[in-house]
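Next comes query21.txt, a file with compact mmCIF, C-alpha atoms.
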# COMPACT_ATOMS: atom_id res chain seq x y z
CA MET A 60 -103.04 -61.49 202.43
CA PRO A 61 -103.34 -57.89 203.60
CA THR A 62 -100.07 -56.18 204.40
CA GLY A 63 -101.28 -54.23 207.43
CA PRO A 64 -104.19 -52.45 209.03
CA PRO A 65 -105.99 -49.74 207.04
CA VAL A 66 -105.32 -46.07 207.64
CA PHE A 67 -107.95 -43.91 209.38
CA ASP A 68 -107.82 -40.19 210.00
CA GLY A 69 -108.05 -38.95 213.58
CA GLN A 70 -111.57 -37.55 213.18
CA ARG A 71 -112.93 -40.88 211.93
CA LEU A 72 -111.34 -42.72 214.88
CA ARG A 73 -112.74 -40.24 217.40
CA GLN A 74 -116.18 -40.60 215.83
CA ALA A 75 -115.90 -44.38 216.02
CA ARG A 76 -114.76 -44.13 219.65
CA PHE A 77 -117.86 -42.15 220.63
CA ALA A 78 -120.09 -44.57 218.71
CA VAL A 79 -118.62 -47.60 220.47
CA ALA A 80 -118.92 -45.76 223.80
CA ALA A 81 -122.65 -45.32 223.12
CA VAL A 82 -122.92 -49.04 222.35
CA PHE A 83 -121.25 -49.87 225.67
CA CYS A 84 -123.75 -47.58 227.41
CA VAL A 85 -126.71 -49.32 225.79
CA HIS A 86 -125.31 -52.74 226.66
CA GLY A 87 -124.91 -51.76 230.30
CA ALA A 88 -128.39 -50.24 230.50
CA VAL A 89 -129.92 -53.61 229.67
CA THR A 90 -128.05 -55.25 232.54
CA GLY A 91 -129.00 -52.50 235.00
CA SER A 92 -132.64 -52.65 233.96
CA PHE A 93 -132.72 -56.39 234.55
CA ALA A 94 -130.75 -56.50 237.82
CA THR A 95 -133.00 -54.14 239.76
CA ARG A 96 -136.10 -56.20 238.96
CA ILE A 97 -134.67 -59.57 240.00
CA PRO A 98 -136.69 -59.54 243.26
CA TRP A 99 -139.89 -58.96 241.19
CA ILE A 100 -138.96 -61.78 238.82
CA GLN A 101 -138.20 -64.06 241.78
CA ASP A 102 -141.61 -63.36 243.32
CA HIS A 103 -143.41 -63.67 239.96
CA ALA A 104 -141.89 -67.10 239.31
CA ALA A 105 -142.19 -68.15 243.01
CA LEU A 106 -138.52 -69.12 243.37
CA SER A 107 -136.43 -69.89 246.45
CA ALA A 108 -132.94 -68.42 246.83
CA GLY A 109 -131.42 -71.66 245.53
CA GLN A 110 -133.74 -71.77 242.51
CA LEU A 111 -133.00 -68.13 241.74
CA GLY A 112 -129.28 -68.89 241.93
CA LEU A 113 -129.75 -71.74 239.46
CA ALA A 114 -131.69 -69.53 237.07
CA LEU A 115 -129.10 -66.75 237.30
CA ALA A 116 -126.45 -69.21 236.13
CA PHE A 117 -128.10 -69.51 232.72
CA PRO A 118 -127.08 -66.10 231.32
CA ALA A 119 -123.45 -67.11 231.80
CA ILE A 120 -124.10 -70.57 230.34
CA GLY A 121 -125.62 -68.99 227.25
CA ALA A 122 -122.80 -66.47 226.97
CA SER A 123 -120.05 -69.07 227.40
CA VAL A 124 -121.58 -71.25 224.69
CA ALA A 125 -122.17 -68.43 222.24
CA MET A 126 -119.15 -66.12 222.64
CA PRO A 127 -116.68 -68.29 220.70
CA LEU A 128 -119.00 -67.85 217.69
CA ALA A 129 -118.62 -64.06 217.67
CA GLY A 130 -115.49 -64.00 215.51
CA ALA A 131 -117.13 -66.07 212.77
CA ILE A 132 -120.21 -63.85 212.79
CA SER A 133 -118.09 -60.70 212.44
CA HIS A 134 -116.11 -62.34 209.63
CA ARG A 135 -119.24 -63.20 207.68
CA PHE A 136 -121.20 -59.98 208.10
CA GLY A 137 -118.56 -57.38 208.94
CA ALA A 138 -118.06 -55.74 212.31
CA ARG A 139 -120.73 -53.06 211.94
CA LYS A 140 -123.56 -55.28 210.70
CA ALA A 141 -122.68 -58.04 213.17
CA LEU A 142 -122.65 -55.64 216.11
CA ARG A 143 -125.92 -54.04 215.01
CA GLY A 144 -127.69 -57.39 214.80
CA LEU A 145 -126.23 -58.86 217.98
CA LEU A 146 -126.91 -55.70 219.97
CA ALA A 147 -130.56 -55.64 218.82
CA LEU A 148 -131.03 -59.26 219.86
CA TRP A 149 -129.52 -58.43 223.27
CA THR A 150 -131.68 -55.38 223.94
CA LEU A 151 -134.86 -57.17 222.86
CA SER A 152 -134.03 -60.20 225.03
CA LEU A 153 -134.55 -57.96 228.08
CA THR A 154 -138.28 -58.60 227.71
CA LEU A 155 -137.99 -62.37 228.17
CA PRO A 156 -137.15 -63.02 231.88
CA ALA A 157 -140.10 -61.05 233.30
CA LEU A 158 -142.48 -63.08 231.11
CA ALA A 159 -141.34 -66.40 232.59
CA PRO A 160 -143.93 -67.94 234.96
CA ASN A 161 -141.70 -70.67 236.46
CA LEU A 162 -138.14 -71.88 236.90
CA VAL A 163 -137.87 -73.81 233.60
CA THR A 164 -139.07 -70.97 231.39
CA LEU A 165 -136.95 -68.46 233.29
CA CYS A 166 -133.85 -70.60 232.72
CA LEU A 167 -134.60 -70.75 228.98
CA ALA A 168 -135.21 -67.00 228.81
CA LEU A 169 -131.98 -66.26 230.66
CA PHE A 170 -130.02 -68.61 228.38
CA VAL A 171 -131.09 -66.53 225.35
CA TYR A 172 -130.48 -63.33 227.29
CA GLY A 173 -126.92 -64.44 228.10
CA ALA A 174 -126.08 -65.76 224.63
CA THR A 175 -126.96 -62.49 222.93
CA SER A 176 -125.21 -60.52 225.67
CA GLY A 177 -121.97 -62.48 225.30
CA MET A 178 -121.71 -62.25 221.53
CA SER A 179 -122.42 -58.53 221.44
CA ASP A 180 -119.95 -58.09 224.32
CA VAL A 181 -117.12 -59.71 222.36
CA ALA A 182 -117.93 -57.70 219.22
CA MET A 183 -117.92 -54.32 220.98
CA ASN A 184 -114.80 -55.07 223.05
CA ALA A 185 -112.86 -56.17 219.96
CA LEU A 186 -113.74 -52.88 218.29
CA GLY A 187 -112.79 -50.99 221.45
CA VAL A 188 -109.34 -52.63 221.65
CA GLU A 189 -108.79 -51.96 217.95
CA ILE A 190 -109.55 -48.26 218.39
CA GLU A 191 -107.37 -48.08 221.52
CA ASN A 192 -104.43 -49.52 219.60
CA ARG A 193 -104.92 -47.10 216.70
CA LEU A 194 -105.24 -44.06 218.97
CA ASP A 195 -102.24 -45.28 221.04
CA LYS A 196 -103.81 -44.28 224.35
CA SER A 197 -105.90 -46.00 226.98
CA ILE A 198 -109.65 -45.88 226.32
CA MET A 199 -110.92 -49.27 227.50
CA SER A 200 -111.58 -48.17 231.08
CA SER A 201 -113.68 -45.22 229.90
CA LEU A 202 -115.56 -47.48 227.47
CA HIS A 203 -116.38 -49.81 230.33
CA GLY A 204 -117.18 -46.69 232.31
CA MET A 205 -119.83 -45.97 229.72
CA TRP A 206 -121.08 -49.53 230.24
CA SER A 207 -121.34 -48.81 233.96
CA THR A 208 -123.01 -45.48 233.21
CA GLY A 209 -125.58 -47.38 231.19
CA ALA A 210 -125.98 -49.87 234.03
CA LEU A 211 -126.46 -46.94 236.39
CA LEU A 212 -129.12 -45.38 234.17
CA GLY A 213 -130.85 -48.72 233.74
CA SER A 214 -130.75 -49.46 237.46
CA ALA A 215 -132.00 -45.94 238.27
CA GLY A 216 -134.98 -46.54 236.01
CA GLY A 217 -135.46 -49.94 237.63
CA THR A 218 -135.26 -48.40 241.11
CA LEU A 219 -137.97 -45.93 240.16
CA ALA A 220 -140.10 -48.69 238.65
CA ALA A 221 -139.68 -50.86 241.78
CA HIS A 222 -140.52 -47.91 244.03
CA MET A 223 -143.71 -47.36 242.01
CA ASP A 224 -144.44 -51.12 242.29
CA SER A 225 -144.77 -51.32 238.50
CA ASP A 226 -145.05 -54.53 236.53
CA ALA A 227 -141.58 -55.56 235.31
CA ARG A 228 -143.08 -56.87 232.07
CA VAL A 229 -144.23 -53.38 231.12
CA HIS A 230 -141.05 -51.73 232.42
CA HIS A 231 -138.78 -54.04 230.42
CA LEU A 232 -140.83 -53.73 227.23
CA ILE A 233 -140.49 -49.94 227.32
CA ALA A 234 -136.78 -50.10 228.20
CA ALA A 235 -136.04 -52.66 225.46
CA THR A 236 -137.75 -50.52 222.82
CA VAL A 237 -135.83 -47.37 223.75
CA LEU A 238 -132.49 -49.16 224.01
CA THR A 239 -132.92 -51.01 220.70
CA VAL A 240 -133.53 -47.79 218.81
CA THR A 241 -130.62 -46.05 220.55
CA GLY A 242 -128.26 -48.92 219.81
CA MET A 243 -129.18 -49.05 216.12
CA VAL A 244 -128.47 -45.34 215.75
CA ALA A 245 -125.09 -45.62 217.51
CA CYS A 246 -124.00 -48.54 215.33
CA ARG A 247 -124.18 -46.38 212.21
CA TRP A 248 -120.83 -44.78 213.12
CA VAL A 249 -118.75 -47.74 214.32
CA LEU A 250 -115.88 -48.86 212.07
CA ASP A 251 -117.10 -51.21 209.34
CA LEU A 252 -114.13 -53.57 209.61
CA ARG A 253 -114.10 -56.73 207.52
CA SER A 254 -111.81 -59.67 206.86
CA THR A 255 -110.75 -61.34 203.66
CA PRO A 256 -111.80 -64.95 202.88
CA GLU A 257 -108.32 -66.33 203.62
CA ASP A 258 -108.44 -64.82 207.12
CA GLU A 259 -111.60 -66.67 208.15
CA PRO A 260 -111.40 -67.56 211.87
CA PRO A 261 -112.46 -70.95 213.23
CA ARG A 262 -116.20 -71.21 213.78
CA PHE A 263 -115.65 -72.19 217.41
CA ALA A 264 -112.33 -71.31 219.06
CA LEU A 265 -111.20 -72.37 222.53
CA PRO A 266 -109.42 -69.76 224.68
CA PRO A 267 -105.68 -69.52 223.86
CA LYS A 268 -103.12 -70.13 226.61
CA SER A 269 -102.27 -66.43 226.74
CA ALA A 270 -105.80 -65.72 227.95
CA LEU A 271 -105.86 -68.12 230.89
CA LEU A 272 -103.95 -66.17 233.55
CA ILE A 273 -105.45 -62.87 232.46
CA GLY A 274 -108.87 -64.51 232.55
CA ALA A 275 -108.24 -65.81 236.09
CA VAL A 276 -107.89 -62.24 237.38
CA GLY A 277 -110.99 -61.25 235.46
CA PHE A 278 -112.74 -64.27 236.98
CA CYS A 279 -112.25 -62.92 240.51
CA ALA A 280 -113.43 -59.44 239.54
CA VAL A 281 -116.52 -60.63 237.68
CA PHE A 282 -117.46 -62.99 240.51
CA ALA A 283 -117.50 -60.05 242.94
CA GLU A 284 -119.21 -57.79 240.40
CA GLY A 285 -121.86 -60.33 239.40
CA ALA A 286 -122.62 -61.36 242.97
CA SER A 287 -123.04 -57.73 244.02
CA LEU A 288 -125.06 -56.72 240.97
CA ASP A 289 -127.42 -59.71 241.06
CA TRP A 290 -127.72 -60.21 244.81
CA SER A 291 -127.32 -56.80 246.46
CA ALA A 292 -131.04 -56.00 246.30
CA VAL A 293 -131.96 -59.49 247.53
CA TYR A 294 -129.33 -59.23 250.30
CA LEU A 295 -130.76 -55.99 251.66
CA GLU A 296 -134.34 -57.31 251.52
CA ASP A 297 -133.67 -60.74 253.03
CA VAL A 298 -130.79 -60.06 255.46
CA LEU A 299 -131.44 -56.47 256.54
CA ASP A 300 -135.22 -56.37 255.98
CA THR A 301 -135.27 -53.23 253.83
CA SER A 302 -138.02 -52.01 251.50
CA PRO A 303 -137.93 -53.02 247.81
CA GLY A 304 -137.16 -49.43 246.80
CA LEU A 305 -134.16 -49.09 249.12
CA ALA A 306 -132.93 -52.56 248.21
CA ALA A 307 -132.99 -51.66 244.51
CA ALA A 308 -131.10 -48.45 245.36
CA SER A 309 -128.16 -50.58 246.58
CA THR A 310 -127.73 -51.81 243.02
CA THR A 311 -127.74 -48.19 241.86
CA ALA A 312 -125.04 -47.28 244.40
CA PHE A 313 -122.91 -50.19 243.19
CA ALA A 314 -123.32 -49.15 239.56
CA LEU A 315 -122.57 -45.51 240.42
CA THR A 316 -119.17 -46.21 241.97
CA MET A 317 -118.23 -48.50 239.08
CA ALA A 318 -119.22 -45.87 236.53
CA ILE A 319 -117.22 -43.10 238.22
CA ALA A 320 -114.12 -45.27 238.68
CA ARG A 321 -114.17 -46.49 235.09
CA LEU A 322 -114.76 -43.06 233.59
CA LEU A 323 -111.72 -41.79 235.50
CA GLY A 324 -109.80 -45.02 235.09
CA ASP A 325 -107.86 -44.28 231.90
CA ARG A 326 -106.02 -41.34 233.47
CA ILE A 327 -105.36 -43.26 236.67
CA VAL A 328 -104.09 -46.35 234.82
CA ASP A 329 -101.83 -44.26 232.57
CA ARG A 330 -100.35 -42.59 235.67
CA PHE A 331 -99.98 -45.48 238.10
CA GLY A 332 -100.02 -48.57 235.87
CA ALA A 333 -102.37 -51.51 235.57
CA VAL A 334 -100.77 -53.68 238.25
CA ARG A 335 -100.86 -51.06 240.99
CA CYS A 336 -104.43 -50.06 240.15
CA VAL A 337 -105.66 -53.65 240.31
CA ARG A 338 -103.88 -54.31 243.61
CA VAL A 339 -105.34 -51.21 245.25
CA GLY A 340 -108.71 -52.12 243.76
CA GLY A 341 -108.44 -55.58 245.28
CA VAL A 342 -107.89 -54.06 248.71
CA SER A 343 -110.96 -51.85 248.23
CA ALA A 344 -113.13 -54.76 247.08
CA THR A 345 -111.97 -56.94 249.98
CA LEU A 346 -112.79 -54.20 252.48
CA GLY A 347 -116.17 -53.67 250.83
CA GLY A 348 -116.99 -57.37 251.03
CA ALA A 349 -116.11 -57.40 254.73
CA LEU A 350 -118.40 -54.42 255.33
CA VAL A 351 -121.28 -56.24 253.64
CA VAL A 352 -120.69 -59.35 255.74
CA PHE A 353 -120.59 -57.47 259.04
CA ALA A 354 -123.07 -54.67 258.18
CA PRO A 355 -125.33 -53.77 261.13
CA ASN A 356 -127.69 -51.75 258.93
CA PRO A 357 -128.56 -51.13 255.26
CA LEU A 358 -126.42 -47.99 254.89
CA VAL A 359 -123.23 -49.80 255.91
CA ALA A 360 -124.04 -52.65 253.52
CA MET A 361 -124.66 -50.18 250.68
CA GLY A 362 -121.29 -48.60 251.45
CA GLY A 363 -119.72 -52.04 251.25
CA PHE A 364 -121.28 -52.74 247.86
CA ALA A 365 -120.05 -49.33 246.68
CA LEU A 366 -116.47 -50.20 247.72
CA VAL A 367 -116.71 -53.53 245.90
CA GLY A 368 -117.79 -51.67 242.77
CA LEU A 369 -114.94 -49.20 243.16
CA GLY A 370 -112.42 -51.99 243.63
CA VAL A 371 -113.34 -54.16 240.65
CA ALA A 372 -114.18 -51.31 238.27
CA VAL A 373 -111.03 -51.21 236.12
CA VAL A 374 -110.12 -54.90 236.28
CA VAL A 375 -112.26 -56.19 233.42
CA PRO A 376 -111.36 -53.41 230.94
CA LEU A 377 -107.68 -53.90 231.78
CA ALA A 378 -108.09 -57.66 231.26
CA PHE A 379 -109.63 -57.13 227.82
CA ALA A 380 -106.90 -54.64 226.88
CA ALA A 381 -104.19 -57.04 228.08
CA ALA A 382 -105.78 -59.88 226.12
CA GLY A 383 -105.85 -57.77 222.97
CA ARG A 384 -102.07 -57.34 223.25
CA SER A 385 -101.19 -60.82 224.54
CA GLY A 386 -100.72 -62.73 221.31
CA PRO A 387 -101.00 -62.85 217.54
CA ASN A 388 -104.79 -63.29 217.52
CA PRO A 389 -106.39 -60.47 219.58
CA SER A 390 -110.03 -61.36 218.87
CA GLN A 391 -109.52 -64.97 219.94
CA ALA A 392 -107.74 -63.85 223.13
CA ILE A 393 -110.51 -61.35 223.89
CA ALA A 394 -113.13 -64.04 223.33
CA GLY A 395 -111.11 -66.36 225.57
CA VAL A 396 -110.90 -63.86 228.42
CA ALA A 397 -114.58 -63.03 227.94
CA THR A 398 -115.46 -66.73 228.11
CA ILE A 399 -113.51 -67.16 231.35
CA THR A 400 -115.03 -64.07 232.95
CA TYR A 401 -118.52 -65.11 231.90
CA THR A 402 -117.79 -68.53 233.40
CA SER A 403 -117.25 -66.61 236.62
CA GLY A 404 -120.68 -65.13 236.04
CA LEU A 405 -121.91 -68.71 235.61
CA ILE A 406 -120.46 -69.80 238.92
CA ALA A 407 -121.21 -66.68 240.98
CA PRO A 408 -125.04 -66.70 241.03
CA SER A 409 -125.35 -70.43 241.62
CA ALA A 410 -122.56 -70.42 244.23
CA ILE A 411 -124.16 -67.52 246.09
CA GLY A 412 -127.54 -69.26 246.00
CA ALA A 413 -126.14 -72.64 247.02
CA VAL A 414 -124.16 -71.23 249.95
CA ALA A 415 -127.19 -69.15 250.96
CA ASP A 416 -129.41 -72.25 250.97
CA ALA A 417 -126.86 -74.24 252.98
CA THR A 418 -125.93 -71.44 255.39
CA SER A 419 -126.88 -67.81 254.72
CA LEU A 420 -126.42 -64.93 252.30
CA VAL A 421 -123.95 -63.48 254.79
CA ALA A 422 -121.71 -66.53 254.36
CA SER A 423 -122.10 -66.20 250.58
CA PHE A 424 -120.56 -62.75 250.64
CA GLY A 425 -117.73 -64.11 252.75
CA LEU A 426 -116.84 -66.11 249.62
CA VAL A 427 -117.04 -62.92 247.56
CA THR A 428 -114.60 -61.26 249.97
CA VAL A 429 -112.08 -64.09 249.64
CA LEU A 430 -112.15 -63.95 245.84
CA ALA A 431 -111.83 -60.16 245.90
CA PHE A 432 -108.53 -60.63 247.70
CA GLY A 433 -107.44 -62.73 244.72
CA LEU A 434 -107.11 -59.48 242.78
CA VAL A 435 -104.34 -58.38 245.13
CA LEU A 436 -102.46 -61.64 244.56
CA GLY A 437 -102.92 -61.89 240.78
CA ALA A 438 -102.58 -58.29 239.62
CA SER A 439 -99.12 -58.78 238.10
CA VAL A 440 -100.43 -60.88 235.19
CA LEU A 441 -101.95 -57.73 233.69
CA ARG A 442 -98.47 -56.27 233.13
CA THR A 443 -98.36 -56.34 229.32
CA GLY A 444 -96.28 -54.71 226.63
CA ASP A 445 -96.83 -51.25 225.23
CA ARG A 446 -99.80 -50.64 223.01
CA ARG A 447 -99.03 -51.24 219.38
CA THR A 448 -99.76 -48.23 217.28
CA ALA A 449 -101.55 -48.21 213.96
CA PRO A 450 -101.16 -45.59 211.25
CA VAL A 451 -103.51 -42.65 211.67
CA ALA A 452 -103.75 -40.30 208.74
CA GLY A 453 -102.48 -36.87 209.65
CA ALA A 454 -101.42 -38.01 213.11
CA GLY A 455 -97.69 -38.20 212.58
CA THR A 456 -94.81 -38.20 210.16
CA GLY A 457 -91.35 -39.62 209.97
CA ALA A 458 -90.48 -42.14 212.65
CA ASP A 459 -93.87 -41.91 214.30
CA ALA A 460 -95.68 -42.77 211.10
CA ALA A 461 -93.37 -45.68 210.43
CA GLN A 462 -94.13 -47.62 213.62
CA PRO A 463 -95.70 -51.04 213.11
CA GLY A 464 -99.43 -51.36 213.51
CA PRO A 465 -101.36 -53.91 215.52
CA SER A 466 -102.43 -57.20 214.13
CA VAL A 467 -106.10 -56.72 213.34
CA PRO A 468 -108.45 -59.17 215.08
CA ASP A 469 -109.80 -61.95 212.89
CA GLY A 470 -113.05 -60.82 211.39
CA LEU A 471 -112.11 -57.17 211.94
CA LYS A 472 -110.00 -56.13 208.95
CA SER A 473 -111.27 -53.35 206.78
CA PRO A 474 -112.04 -53.11 203.11
CA SER A 475 -111.06 -49.98 201.30
CA GLY A 476 -112.73 -46.83 202.51
CA ASP A 477 -113.43 -47.86 206.12

Just give me the structure as structure tokens.
Amino acid sequence: MPTGPPVFDGQRLRQARFAVAAVFCVHGAVTGSFATRIPWIQDHAALSAGQLGLALAFPAIGASVAMPLAGAISHRFGARKALRGLLALWTLSLTLPALAPNLVTLCLALFVYGATSGMSDVAMNALGVEIENRLDKSIMSSLHGMWSTGALLGSAGGTLAAHMDSDARVHHLIAATVLTVTGMVACRWVLDLRSTPEDEPPRFALPPKSALLIGAVGFCAVFAEGASLDWSAVYLEDVLDTSPGLAAASTTAFALTMAIARLLGDRIVDRFGAVRCVRVGGVSATLGGALVVFAPNPLVAMGGFALVGLGVAVVVPLAFAAAGRSGPNPSQAIAGVATITYTSGLIAPSAIGAVADATSLVASFGLVTVLAFGLVLGASVLRTGDRRTAPVAGAGTGADAAQPGPSVPDGLKSPSGD
């Protein structure tokens, strides 16, 4: 059995941090590219709001099924090779939904899309938490900020494509090609962490108990995030009768506020603490949801979506960071929290569609507002212990160098040299 985590010099860790940040950006760009073309995909497949809600549940179904497998994949292939392969499958899966001509094929396409998204999500977050522990400072919010930056870039491209009335099949083929190449280049510099045969994780692991309460807070945040990201454009078109270009721009505004808040989040969290940040964020998201519900015009609704994005921005990165420090098996806890939050993504689209079919989209976002308030009530579960530091070559001597390192996630221990 290994005696502790391997030693990395500060330059190697900073390089790995930037590489993982680029991976987060690519991952987010896929989501942004897809979200802005949902109205096109809905029209192409001739779906009602309820059918679209059903179809949009399948990415979360695929992710929830596949994410518990991520640890075994990283164990077998190593963190770098596993992330490279999973990320490529995710970026290429962007081409599938726009090709679907009906509900059944769209559901199948979105299942694959979600499965590859979830596994690559777990792999990159596990690496992010590992680097955060070794650097002994908060970086998860900024990494998720890079995800939101990618979502912003992807949604900006999608907004332009929608404004030009371009075919989403062509748009997504071009985007998938660019993002696949970018992701493969970035993966060259992530840490090539590996595990030993005796540390093999279970092939399919259920979420540990430590992840349940943390995951519940993430559930509320992801419900509000997913509902806003997937339905904001549809909401503006159907409820407020806006043009497709302006409706797509609402998704961009949502992604913009999330990106800014997450990029600034590490400093804010270090200063005010996770609990206070999540509570204030819950107030912002609740106010934003209320503005959407009562919006008299598109600009007010876009402001509401922006406040929702601002409010939920740091919750998911803080949930992953808390999970990584919540027990003896960080990767399993991260996968558990990820599974719970993706389950929220499973429920959100179908719940929004079902409530919209039974009542209206306005009532659907009343539900979003109620769950956003859950962040205010549940913020205290993210109060975790101090980050555990790992040895960093050249980073300290004496007592600092002697501090215990973190337990390395299953499937993420390093051979000699990396």

Inset, instruction - Pick out the residues sitting within 7 Å of A:Gly91, and hand them over as an MDAnalysis selection string; count only C-alpha atoms, and ignore anything fewer than 4 positions along from it in its own chain. - result: chainID A and resid 87 95 210:211 213:214

Contacts between stretch 356-368 of chain A and stretch 301-333 of chain A, please, where a residue of stretch 301-333 of chain A counts if it comes within 6 Å (with all atoms listed in the file); show its shortest atom pair and distance in Å to one decimal, rows by chain and ascending number, as a Markdown table.
| residue | atom | partner | partner_atom | distance |
| --- | --- | --- | --- | --- |
| A:Ser309 | CA | A:Met361 | CA | 5.4 |
| A:Ala312 | CA | A:Ala365 | CA | 5.9 |
| A:Phe313 | CA | A:Ala365 | CA | 4.6 |
| A:Thr316 | CA | A:Gly368 | CA | 5.7 |
| A:Met317 | CA | A:Gly368 | CA | 4.9 |

Inset, instruction - For atom CA of A:Tyr172 and atom CA of A:Ala159, quote the distance in Å rounded to one decimal. - result: 12.5 Å

Please identify every residue of stretch 190-211 of chain A that has at least one atom no farther than 10 Å from an atom of stretch 377-382 of chain A, counting all atoms listed in the file, and for each give the shortest atom pair and the distance in Å to one decimal, arranged by chain then increasing number, as a Markdown table.
| residue | atom | partner | partner_atom | distance |
| --- | --- | --- | --- | --- |
| A:Glu191 | CA | A:Ala380 | CA | 8.5 |
| A:Asn192 | CA | A:Ala380 | CA | 9.2 |
| A:Ser197 | CA | A:Ala380 | CA | 8.7 |
| A:Ile198 | CA | A:Ala380 | CA | 9.2 |
| A:Met199 | CA | A:Ala380 | CA | 6.7 |
| A:Ser200 | CA | A:Leu377 | CA | 7.0 |
| A:His203 | CA | A:Leu377 | CA | 9.7 |

Inset, instruction - Give me, please, the distance in Å between atom CA of A:Ala372 and atom CA of A:Ala280, quoted to one decimal. - result: 8.3 Å

Legend entry - Point (-139.4, -62.3, 226.9), cut-off 10 Å, counting all atoms listed in the file, residues as a list in words: Leu151, Ser152, Leu153, Thr154, Leu155, Pro156, Ala157, Leu158, Ala159, Thr164, Leu165, Leu167, Ala168, Leu169, Val171, Tyr172, Arg228, His231 and Leu232 of chain A
